[in-house]
Amino acid sequence: MKLILGGVAGLLLVASAVLWMLRPGAQRPEGSAAPEFELADQNGRIHRLGDYAGRWLVLYFYPRDDTPGCAREACRFRDDIGLLGDLGAAVAGVSVDDTESHADFARKYTLPFPLLSDPGGKAAAAYGSLLNLGVARFARRHTFIIAPDGRIAARFDKVDPARHAQEVAGALRSLRAGQ
């Protein structure tokens, strides 16, 4: 009986630890100031939130370079970059992968926007998008539309990579209409 209770207690302890690691980070609600970041892109160029002041920014976080869902999402943004640009928005992707991985990913799919490297997960954590599994960290698939004044105008926590770029374009149209 003691062994069974010990096994159950151990299982509960492990389950609690896993749930703790999977908990959402600090949420950044719409209307709040977007957290600053300073991250290198696939070409080694440094990007800061302030670089986008005065224009809309679609900042999307994704788990890993060159995985099926992440490639689908990136290619949808690539295919709709003209529409998003016509709506006055720049696009930047962020993951914890390094700049070399980003360069390979961008080259393979001809991505015309920066992929920002966040190897320590600091920016992902600031936006509440870091998934920390202890031995591995990933960015959650979240997207933020940052207004020209630097506030979070819209956030997407549930993202379908196949149609997300169109969803973002629709939100940008609505946001711009309400200006």
# chains A, B, ... in the order shown; residues from 1 in each chain; ligands from 1
>>> residues_around(residues="Ala89 in chain A", least_positions_apart="3", cutoff="12 Å", atoms="only C-alpha atoms", output="number ranges by chain")
A: 52-59, 77, 80-86, 92, 113, 144-148, 165, 168-169, 171-173, 175-176
>>> residues_around(residues="Arg76 in chain A", least_positions_apart="2", cutoff="10 Å", atoms="only C-alpha atoms", output="list in words")
Cys70, Ala71, Arg72, Glu73, Ala74, Arg78, Asp79, Asp80, Ile81, Leu111, Pro161, Ala162, Arg163, His164, Ala165 and Gln166 of chain A
>>> select_by_dssp(residues="chain A", states="helix (DSSP H, G or I)", output="PDB file with N, CA and C atoms, in the first residue's frame")
ATOM      1  N   LYS A   2       1.959   1.223   0.799  1.00  0.00           N
ATOM      2  CA  LYS A   2       2.861   2.376   0.858  1.00  0.00           C
ATOM      3  C   LYS A   2       3.473   2.666  -0.512  1.00  0.00           C
ATOM      4  N   LEU A   3       3.826   1.621  -1.234  1.00  0.00           N
ATOM      5  CA  LEU A   3       4.426   1.778  -2.554  1.00  0.00           C
ATOM      6  C   LEU A   3       3.442   2.430  -3.529  1.00  0.00           C
ATOM      7  N   ILE A   4       2.194   2.015  -3.456  1.00  0.00           N
ATOM      8  CA  ILE A   4       1.175   2.589  -4.342  1.00  0.00           C
ATOM      9  C   ILE A   4       0.982   4.068  -4.025  1.00  0.00           C
ATOM     10  N   LEU A   5       0.873   4.409  -2.743  1.00  0.00           N
ATOM     11  CA  LEU A   5       0.707   5.814  -2.365  1.00  0.00           C
ATOM     12  C   LEU A   5       1.925   6.629  -2.752  1.00  0.00           C
ATOM     13  N   GLY A   6       3.115   6.046  -2.564  1.00  0.00           N
ATOM     14  CA  GLY A   6       4.345   6.736  -2.962  1.00  0.00           C
ATOM     15  C   GLY A   6       4.376   6.967  -4.460  1.00  0.00           C
ATOM     16  N   GLY A   7       3.934   5.971  -5.240  1.00  0.00           N
ATOM     17  CA  GLY A   7       3.882   6.105  -6.692  1.00  0.00           C
ATOM     18  C   GLY A   7       2.906   7.173  -7.124  1.00  0.00           C
ATOM     19  N   VAL A   8       1.737   7.225  -6.468  1.00  0.00           N
ATOM     20  CA  VAL A   8       0.730   8.240  -6.778  1.00  0.00           C
ATOM     21  C   VAL A   8       1.248   9.620  -6.415  1.00  0.00           C
ATOM     22  N   ALA A   9       1.880   9.731  -5.251  1.00  0.00           N
ATOM     23  CA  ALA A   9       2.429  11.019  -4.830  1.00  0.00           C
ATOM     24  C   ALA A   9       3.518  11.483  -5.791  1.00  0.00           C
ATOM     25  N   GLY A  10       4.352  10.559  -6.213  1.00  0.00           N
ATOM     26  CA  GLY A  10       5.403  10.904  -7.175  1.00  0.00           C
ATOM     27  C   GLY A  10       4.831  11.363  -8.505  1.00  0.00           C
ATOM     28  N   LEU A  11       3.786  10.652  -8.947  1.00  0.00           N
ATOM     29  CA  LEU A  11       3.131  11.029 -10.196  1.00  0.00           C
ATOM     30  C   LEU A  11       2.493  12.411 -10.081  1.00  0.00           C
ATOM     31  N   LEU A  12       1.857  12.694  -8.955  1.00  0.00           N
ATOM     32  CA  LEU A  12       1.264  14.011  -8.740  1.00  0.00           C
ATOM     33  C   LEU A  12       2.324  15.102  -8.710  1.00  0.00           C
ATOM     34  N   LEU A  13       3.462  14.808  -8.107  1.00  0.00           N
ATOM     35  CA  LEU A  13       4.557  15.773  -8.059  1.00  0.00           C
ATOM     36  C   LEU A  13       5.073  16.073  -9.462  1.00  0.00           C
ATOM     37  N   VAL A  14       5.268  15.043 -10.265  1.00  0.00           N
ATOM     38  CA  VAL A  14       5.740  15.229 -11.637  1.00  0.00           C
ATOM     39  C   VAL A  14       4.704  16.011 -12.446  1.00  0.00           C
ATOM     40  N   ALA A  15       3.426  15.643 -12.313  1.00  0.00           N
ATOM     41  CA  ALA A  15       2.369  16.344 -13.042  1.00  0.00           C
ATOM     42  C   ALA A  15       2.313  17.815 -12.641  1.00  0.00           C
ATOM     43  N   SER A  16       2.472  18.096 -11.351  1.00  0.00           N
ATOM     44  CA  SER A  16       2.474  19.489 -10.886  1.00  0.00           C
ATOM     45  C   SER A  16       3.641  20.260 -11.478  1.00  0.00           C
ATOM     46  N   ALA A  17       4.807  19.636 -11.525  1.00  0.00           N
ATOM     47  CA  ALA A  17       5.989  20.297 -12.089  1.00  0.00           C
ATOM     48  C   ALA A  17       5.787  20.594 -13.572  1.00  0.00           C
ATOM     49  N   VAL A  18       5.218  19.644 -14.307  1.00  0.00           N
ATOM     50  CA  VAL A  18       4.982  19.850 -15.739  1.00  0.00           C
ATOM     51  C   VAL A  18       3.978  20.983 -15.950  1.00  0.00           C
ATOM     52  N   LEU A  19       2.894  20.971 -15.188  1.00  0.00           N
ATOM     53  CA  LEU A  19       1.905  22.047 -15.312  1.00  0.00           C
ATOM     54  C   LEU A  19       2.504  23.399 -14.962  1.00  0.00           C
ATOM     55  N   TRP A  20       3.385  23.443 -13.971  1.00  0.00           N
ATOM     56  CA  TRP A  20       4.039  24.700 -13.602  1.00  0.00           C
ATOM     57  C   TRP A  20       4.891  25.205 -14.758  1.00  0.00           C
ATOM     58  N   MET A  21       5.623  24.290 -15.409  1.00  0.00           N
ATOM     59  CA  MET A  21       6.488  24.700 -16.521  1.00  0.00           C
ATOM     60  C   MET A  21       5.673  25.154 -17.729  1.00  0.00           C
ATOM     61  N   LEU A  49      12.220  47.564 -30.836  1.00  0.00           N
ATOM     62  CA  LEU A  49      10.833  47.992 -30.991  1.00  0.00           C
ATOM     63  C   LEU A  49      10.779  49.426 -31.519  1.00  0.00           C
ATOM     64  N   GLY A  50      11.644  50.293 -31.012  1.00  0.00           N
ATOM     65  CA  GLY A  50      11.660  51.696 -31.428  1.00  0.00           C
ATOM     66  C   GLY A  50      11.910  51.896 -32.913  1.00  0.00           C
ATOM     67  N   ASP A  51      12.538  50.921 -33.568  1.00  0.00           N
ATOM     68  CA  ASP A  51      12.776  51.018 -35.011  1.00  0.00           C
ATOM     69  C   ASP A  51      11.467  51.069 -35.798  1.00  0.00           C
ATOM     70  N   TYR A  52      10.391  50.576 -35.175  1.00  0.00           N
ATOM     71  CA  TYR A  52       9.101  50.495 -35.846  1.00  0.00           C
ATOM     72  C   TYR A  52       8.137  51.592 -35.401  1.00  0.00           C
ATOM     73  N   PRO A  68       6.821  21.987 -39.915  1.00  0.00           N
ATOM     74  CA  PRO A  68       5.684  22.148 -40.837  1.00  0.00           C
ATOM     75  C   PRO A  68       4.760  23.330 -40.514  1.00  0.00           C
ATOM     76  N   GLY A  69       4.315  23.456 -39.274  1.00  0.00           N
ATOM     77  CA  GLY A  69       3.409  24.555 -38.919  1.00  0.00           C
ATOM     78  C   GLY A  69       4.082  25.907 -39.035  1.00  0.00           C
ATOM     79  N   CYS A  70       5.331  25.978 -38.614  1.00  0.00           N
ATOM     80  CA  CYS A  70       6.056  27.253 -38.660  1.00  0.00           C
ATOM     81  C   CYS A  70       6.355  27.659 -40.097  1.00  0.00           C
ATOM     82  N   ALA A  71       6.678  26.703 -40.950  1.00  0.00           N
ATOM     83  CA  ALA A  71       6.910  27.002 -42.365  1.00  0.00           C
ATOM     84  C   ALA A  71       5.617  27.474 -43.016  1.00  0.00           C
ATOM     85  N   ARG A  72       4.509  26.813 -42.703  1.00  0.00           N
ATOM     86  CA  ARG A  72       3.214  27.203 -43.271  1.00  0.00           C
ATOM     87  C   ARG A  72       2.872  28.639 -42.869  1.00  0.00           C
ATOM     88  N   GLU A  73       3.043  28.955 -41.590  1.00  0.00           N
ATOM     89  CA  GLU A  73       2.724  30.303 -41.107  1.00  0.00           C
ATOM     90  C   GLU A  73       3.625  31.347 -41.772  1.00  0.00           C
ATOM     91  N   ALA A  74       4.931  31.078 -41.812  1.00  0.00           N
ATOM     92  CA  ALA A  74       5.875  32.022 -42.415  1.00  0.00           C
ATOM     93  C   ALA A  74       5.563  32.245 -43.896  1.00  0.00           C
ATOM     94  N   CYS A  75       5.233  31.169 -44.600  1.00  0.00           N
ATOM     95  CA  CYS A  75       4.930  31.295 -46.026  1.00  0.00           C
ATOM     96  C   CYS A  75       3.634  32.065 -46.258  1.00  0.00           C
ATOM     97  N   ARG A  76       2.684  31.944 -45.374  1.00  0.00           N
ATOM     98  CA  ARG A  76       1.447  32.727 -45.490  1.00  0.00           C
ATOM     99  C   ARG A  76       1.751  34.218 -45.285  1.00  0.00           C
ATOM    100  N   PHE A  77       2.591  34.523 -44.306  1.00  0.00           N
ATOM    101  CA  PHE A  77       2.985  35.925 -44.135  1.00  0.00           C
ATOM    102  C   PHE A  77       3.761  36.405 -45.359  1.00  0.00           C
ATOM    103  N   ARG A  78       4.638  35.542 -45.885  1.00  0.00           N
ATOM    104  CA  ARG A  78       5.389  35.895 -47.105  1.00  0.00           C
ATOM    105  C   ARG A  78       4.430  36.195 -48.248  1.00  0.00           C
ATOM    106  N   ASP A  79       3.447  35.324 -48.444  1.00  0.00           N
ATOM    107  CA  ASP A  79       2.526  35.482 -49.564  1.00  0.00           C
ATOM    108  C   ASP A  79       1.640  36.716 -49.423  1.00  0.00           C
ATOM    109  N   ILE A  81       2.626  39.539 -47.733  1.00  0.00           N
ATOM    110  CA  ILE A  81       3.451  40.672 -47.293  1.00  0.00           C
ATOM    111  C   ILE A  81       3.051  41.951 -48.026  1.00  0.00           C
ATOM    112  N   GLY A  82       2.656  41.855 -49.286  1.00  0.00           N
ATOM    113  CA  GLY A  82       2.223  43.045 -50.036  1.00  0.00           C
ATOM    114  C   GLY A  82       0.950  43.638 -49.441  1.00  0.00           C
ATOM    115  N   LEU A  83      -0.012  42.784 -49.125  1.00  0.00           N
ATOM    116  CA  LEU A  83      -1.267  43.238 -48.511  1.00  0.00           C
ATOM    117  C   LEU A  83      -0.991  43.874 -47.151  1.00  0.00           C
ATOM    118  N   LEU A  84      -0.165  43.228 -46.338  1.00  0.00           N
ATOM    119  CA  LEU A  84       0.161  43.772 -45.014  1.00  0.00           C
ATOM    120  C   LEU A  84       0.919  45.092 -45.146  1.00  0.00           C
ATOM    121  N   GLY A  85       1.818  45.163 -46.121  1.00  0.00           N
ATOM    122  CA  GLY A  85       2.529  46.413 -46.378  1.00  0.00           C
ATOM    123  C   GLY A  85       1.580  47.523 -46.818  1.00  0.00           C
ATOM    124  N   ASP A  86       0.595  47.174 -47.664  1.00  0.00           N
ATOM    125  CA  ASP A  86      -0.407  48.162 -48.094  1.00  0.00           C
ATOM    126  C   ASP A  86      -1.223  48.674 -46.907  1.00  0.00           C
ATOM    127  N   THR A  99      20.575  32.813 -35.201  1.00  0.00           N
ATOM    128  CA  THR A  99      20.520  33.568 -36.455  1.00  0.00           C
ATOM    129  C   THR A  99      20.878  32.699 -37.660  1.00  0.00           C
ATOM    130  N   GLU A 100      21.763  31.735 -37.479  1.00  0.00           N
ATOM    131  CA  GLU A 100      22.136  30.845 -38.588  1.00  0.00           C
ATOM    132  C   GLU A 100      20.938  29.993 -39.017  1.00  0.00           C
ATOM    133  N   SER A 101      20.216  29.455 -38.051  1.00  0.00           N
ATOM    134  CA  SER A 101      19.013  28.684 -38.356  1.00  0.00           C
ATOM    135  C   SER A 101      17.985  29.567 -39.060  1.00  0.00           C
ATOM    136  N   HIS A 102      17.841  30.805 -38.567  1.00  0.00           N
ATOM    137  CA  HIS A 102      16.917  31.757 -39.197  1.00  0.00           C
ATOM    138  C   HIS A 102      17.336  32.044 -40.642  1.00  0.00           C
ATOM    139  N   ALA A 103      18.638  32.199 -40.874  1.00  0.00           N
ATOM    140  CA  ALA A 103      19.124  32.495 -42.227  1.00  0.00           C
ATOM    141  C   ALA A 103      18.784  31.344 -43.176  1.00  0.00           C
ATOM    142  N   ASP A 104      18.993  30.112 -42.728  1.00  0.00           N
ATOM    143  CA  ASP A 104      18.661  28.952 -43.557  1.00  0.00           C
ATOM    144  C   ASP A 104      17.158  28.889 -43.849  1.00  0.00           C
ATOM    145  N   PHE A 105      16.354  29.124 -42.817  1.00  0.00           N
ATOM    146  CA  PHE A 105      14.891  29.088 -42.939  1.00  0.00           C
ATOM    147  C   PHE A 105      14.407  30.175 -43.895  1.00  0.00           C
ATOM    148  N   ALA A 106      14.904  31.394 -43.724  1.00  0.00           N
ATOM    149  CA  ALA A 106      14.507  32.519 -44.575  1.00  0.00           C
ATOM    150  C   ALA A 106      14.916  32.283 -46.026  1.00  0.00           C
ATOM    151  N   ARG A 107      16.102  31.743 -46.222  1.00  0.00           N
ATOM    152  CA  ARG A 107      16.598  31.472 -47.578  1.00  0.00           C
ATOM    153  C   ARG A 107      15.761  30.368 -48.237  1.00  0.00           C
ATOM    154  N   LYS A 108      15.492  29.300 -47.504  1.00  0.00           N
ATOM    155  CA  LYS A 108      14.752  28.156 -48.055  1.00  0.00           C
ATOM    156  C   LYS A 108      13.366  28.565 -48.534  1.00  0.00           C
ATOM    157  N   TYR A 109      12.696  29.453 -47.791  1.00  0.00           N
ATOM    158  CA  TYR A 109      11.322  29.837 -48.127  1.00  0.00           C
ATOM    159  C   TYR A 109      11.213  31.256 -48.698  1.00  0.00           C
ATOM    160  N   LYS A 122      14.198  35.882 -23.704  1.00  0.00           N
ATOM    161  CA  LYS A 122      13.849  37.076 -22.925  1.00  0.00           C
ATOM    162  C   LYS A 122      12.665  37.847 -23.537  1.00  0.00           C
ATOM    163  N   ALA A 123      12.701  38.057 -24.854  1.00  0.00           N
ATOM    164  CA  ALA A 123      11.596  38.774 -25.500  1.00  0.00           C
ATOM    165  C   ALA A 123      10.324  37.939 -25.455  1.00  0.00           C
ATOM    166  N   ALA A 124      10.439  36.641 -25.734  1.00  0.00           N
ATOM    167  CA  ALA A 124       9.261  35.766 -25.681  1.00  0.00           C
ATOM    168  C   ALA A 124       8.650  35.795 -24.287  1.00  0.00           C
ATOM    169  N   ALA A 125       9.474  35.780 -23.262  1.00  0.00           N
ATOM    170  CA  ALA A 125       8.963  35.837 -21.888  1.00  0.00           C
ATOM    171  C   ALA A 125       8.281  37.172 -21.614  1.00  0.00           C
ATOM    172  N   ALA A 126       8.864  38.262 -22.098  1.00  0.00           N
ATOM    173  CA  ALA A 126       8.283  39.592 -21.872  1.00  0.00           C
ATOM    174  C   ALA A 126       6.899  39.712 -22.507  1.00  0.00           C
ATOM    175  N   HIS A 164      -3.693  32.369 -40.633  1.00  0.00           N
ATOM    176  CA  HIS A 164      -3.421  33.433 -39.685  1.00  0.00           C
ATOM    177  C   HIS A 164      -3.084  34.773 -40.351  1.00  0.00           C
ATOM    178  N   ALA A 165      -2.325  34.759 -41.419  1.00  0.00           N
ATOM    179  CA  ALA A 165      -1.946  36.022 -42.074  1.00  0.00           C
ATOM    180  C   ALA A 165      -3.186  36.780 -42.530  1.00  0.00           C
ATOM    181  N   GLN A 166      -4.191  36.077 -43.044  1.00  0.00           N
ATOM    182  CA  GLN A 166      -5.437  36.726 -43.458  1.00  0.00           C
ATOM    183  C   GLN A 166      -6.197  37.272 -42.249  1.00  0.00           C
ATOM    184  N   GLU A 167      -6.163  36.529 -41.140  1.00  0.00           N
ATOM    185  CA  GLU A 167      -6.800  36.987 -39.901  1.00  0.00           C
ATOM    186  C   GLU A 167      -6.139  38.280 -39.412  1.00  0.00           C
ATOM    187  N   VAL A 168      -4.813  38.324 -39.479  1.00  0.00           N
ATOM    188  CA  VAL A 168      -4.065  39.515 -39.074  1.00  0.00           C
ATOM    189  C   VAL A 168      -4.408  40.692 -39.996  1.00  0.00           C
ATOM    190  N   ALA A 169      -4.486  40.440 -41.299  1.00  0.00           N
ATOM    191  CA  ALA A 169      -4.832  41.509 -42.245  1.00  0.00           C
ATOM    192  C   ALA A 169      -6.227  42.062 -41.937  1.00  0.00           C
ATOM    193  N   GLY A 170      -7.170  41.197 -41.634  1.00  0.00           N
ATOM    194  CA  GLY A 170      -8.509  41.650 -41.271  1.00  0.00           C
ATOM    195  C   GLY A 170      -8.507  42.510 -40.016  1.00  0.00           C
ATOM    196  N   ALA A 171      -7.726  42.091 -39.029  1.00  0.00           N
ATOM    197  CA  ALA A 171      -7.630  42.866 -37.783  1.00  0.00           C
ATOM    198  C   ALA A 171      -6.983  44.223 -38.059  1.00  0.00           C
ATOM    199  N   LEU A 172      -5.958  44.248 -38.901  1.00  0.00           N
ATOM    200  CA  LEU A 172      -5.312  45.523 -39.245  1.00  0.00           C
ATOM    201  C   LEU A 172      -6.293  46.474 -39.939  1.00  0.00           C
ATOM    202  N   ARG A 173      -7.099  45.930 -40.851  1.00  0.00           N
ATOM    203  CA  ARG A 173      -8.104  46.765 -41.525  1.00  0.00           C
ATOM    204  C   ARG A 173      -9.043  47.387 -40.495  1.00  0.00           C
ATOM    205  N   SER A 174      -9.518  46.574 -39.565  1.00  0.00           N
ATOM    206  CA  SER A 174     -10.432  47.074 -38.521  1.00  0.00           C
ATOM    207  C   SER A 174      -9.765  48.104 -37.636  1.00  0.00           C
ATOM    208  N   LEU A 175      -8.536  47.821 -37.230  1.00  0.00           N
ATOM    209  CA  LEU A 175      -7.805  48.750 -36.361  1.00  0.00           C
ATOM    210  C   LEU A 175      -7.570  50.085 -37.057  1.00  0.00           C
ATOM    211  N   ARG A 176      -7.194  50.040 -38.315  1.00  0.00           N
ATOM    212  CA  ARG A 176      -6.938  51.273 -39.066  1.00  0.00           C
ATOM    213  C   ARG A 176      -8.218  52.064 -39.286  1.00  0.00           C
ATOM    214  N   ALA A 177      -9.329  51.354 -39.476  1.00  0.00           N
ATOM    215  CA  ALA A 177     -10.615  52.024 -39.668  1.00  0.00           C
ATOM    216  C   ALA A 177     -11.048  52.749 -38.401  1.00  0.00           C
TER     217      ALA A 177
END
>>> atom_distance(atom1="CA of Leu115 in chain A", atom2="CA of Gln42 in chain A")
5.8 Å
>>> closest_residue(among="A:Val159, A:Leu116, A:Ile152, A:Val96", to="Arg137 in chain A", atoms="only C-alpha atoms")
A:Val96
>>> residues_around(residues="Ser32 in chain A", least_positions_apart="2", cutoff="10 Å", atoms="only C-alpha atoms", output="number ranges by chain")
A: 28-30, 34-35, 146, 150-153
>>> select_by_dssp(residues="chain A", states="strand (DSSP E or B)", output="count of residues only")
40
>>> residues_around(residues="Asp118 in chain A", least_positions_apart="6", cutoff="8 Å", atoms="only C-alpha atoms", output="PDB file with C-alpha atoms, in the first residue's frame")
ATOM      1  CA  LEU A  39      17.221  41.123 -31.225  1.00  0.00           C
ATOM      2  CA  ALA A  40      19.409  40.168 -34.188  1.00  0.00           C
ATOM      3  CA  VAL A  94      10.592  35.667 -33.428  1.00  0.00           C
ATOM      4  CA  SER A  95      11.792  32.315 -32.130  1.00  0.00           C
ATOM      5  CA  VAL A  96      14.506  31.067 -29.799  1.00  0.00           C
ATOM      6  CA  ASP A  97      16.465  29.634 -32.749  1.00  0.00           C
ATOM      7  CA  ASP A  98      19.829  31.183 -33.591  1.00  0.00           C
ATOM      8  CA  ALA A 124       9.261  35.766 -25.681  1.00  0.00           C
TER       9      ALA A 124
END
>>> atom_distance(atom1="CA of Tyr60 in chain A", atom2="CA of His142 in chain A")
5.9 Å
>>> atom_distance(atom1="CA of Leu133 in chain A", atom2="CA of Gly120 in chain A")
13.4 Å
>>> decode(residues="range 154-166 of chain A", atoms="N, CA and C atoms", output="CSV table (one decimal), in the first residue's frame")
chain,number,residue,atom,x,y,z
A,154,ALA,N,-3.7,44.5,-30.8
A,154,ALA,CA,-4.3,43.2,-30.9
A,154,ALA,C,-3.4,42.1,-30.6
A,155,ARG,N,-3.9,41.0,-30.0
A,155,ARG,CA,-3.1,39.8,-29.7
A,155,ARG,C,-3.8,38.6,-30.1
A,156,PHE,N,-3.1,37.6,-30.6
A,156,PHE,CA,-3.7,36.3,-31.0
A,156,PHE,C,-3.0,35.2,-30.3
A,157,ASP,N,-3.7,34.5,-29.4
A,157,ASP,CA,-3.1,33.4,-28.7
A,157,ASP,C,-3.4,32.1,-29.3
A,158,LYS,N,-4.4,32.0,-30.1
A,158,LYS,CA,-4.8,30.7,-30.8
A,158,LYS,C,-4.6,31.0,-32.2
A,159,VAL,N,-3.6,30.4,-32.8
A,159,VAL,CA,-3.2,30.7,-34.2
A,159,VAL,C,-3.3,29.5,-35.1
A,160,ASP,N,-4.0,29.6,-36.2
A,160,ASP,CA,-4.1,28.5,-37.2
A,160,ASP,C,-3.1,29.0,-38.3
A,161,PRO,N,-1.9,28.3,-38.4
A,161,PRO,CA,-0.9,28.8,-39.3
A,161,PRO,C,-1.4,28.9,-40.8
A,162,ALA,N,-2.3,28.1,-41.2
A,162,ALA,CA,-2.8,28.2,-42.6
A,162,ALA,C,-3.6,29.4,-42.9
A,163,ARG,N,-4.2,30.0,-41.9
A,163,ARG,CA,-5.0,31.2,-42.3
A,163,ARG,C,-4.8,32.4,-41.4
A,164,HIS,N,-3.7,32.4,-40.6
A,164,HIS,CA,-3.4,33.4,-39.7
A,164,HIS,C,-3.1,34.8,-40.4
A,165,ALA,N,-2.3,34.8,-41.4
A,165,ALA,CA,-1.9,36.0,-42.1
A,165,ALA,C,-3.2,36.8,-42.5
A,166,GLN,N,-4.2,36.1,-43.0
A,166,GLN,CA,-5.4,36.7,-43.5
A,166,GLN,C,-6.2,37.3,-42.2
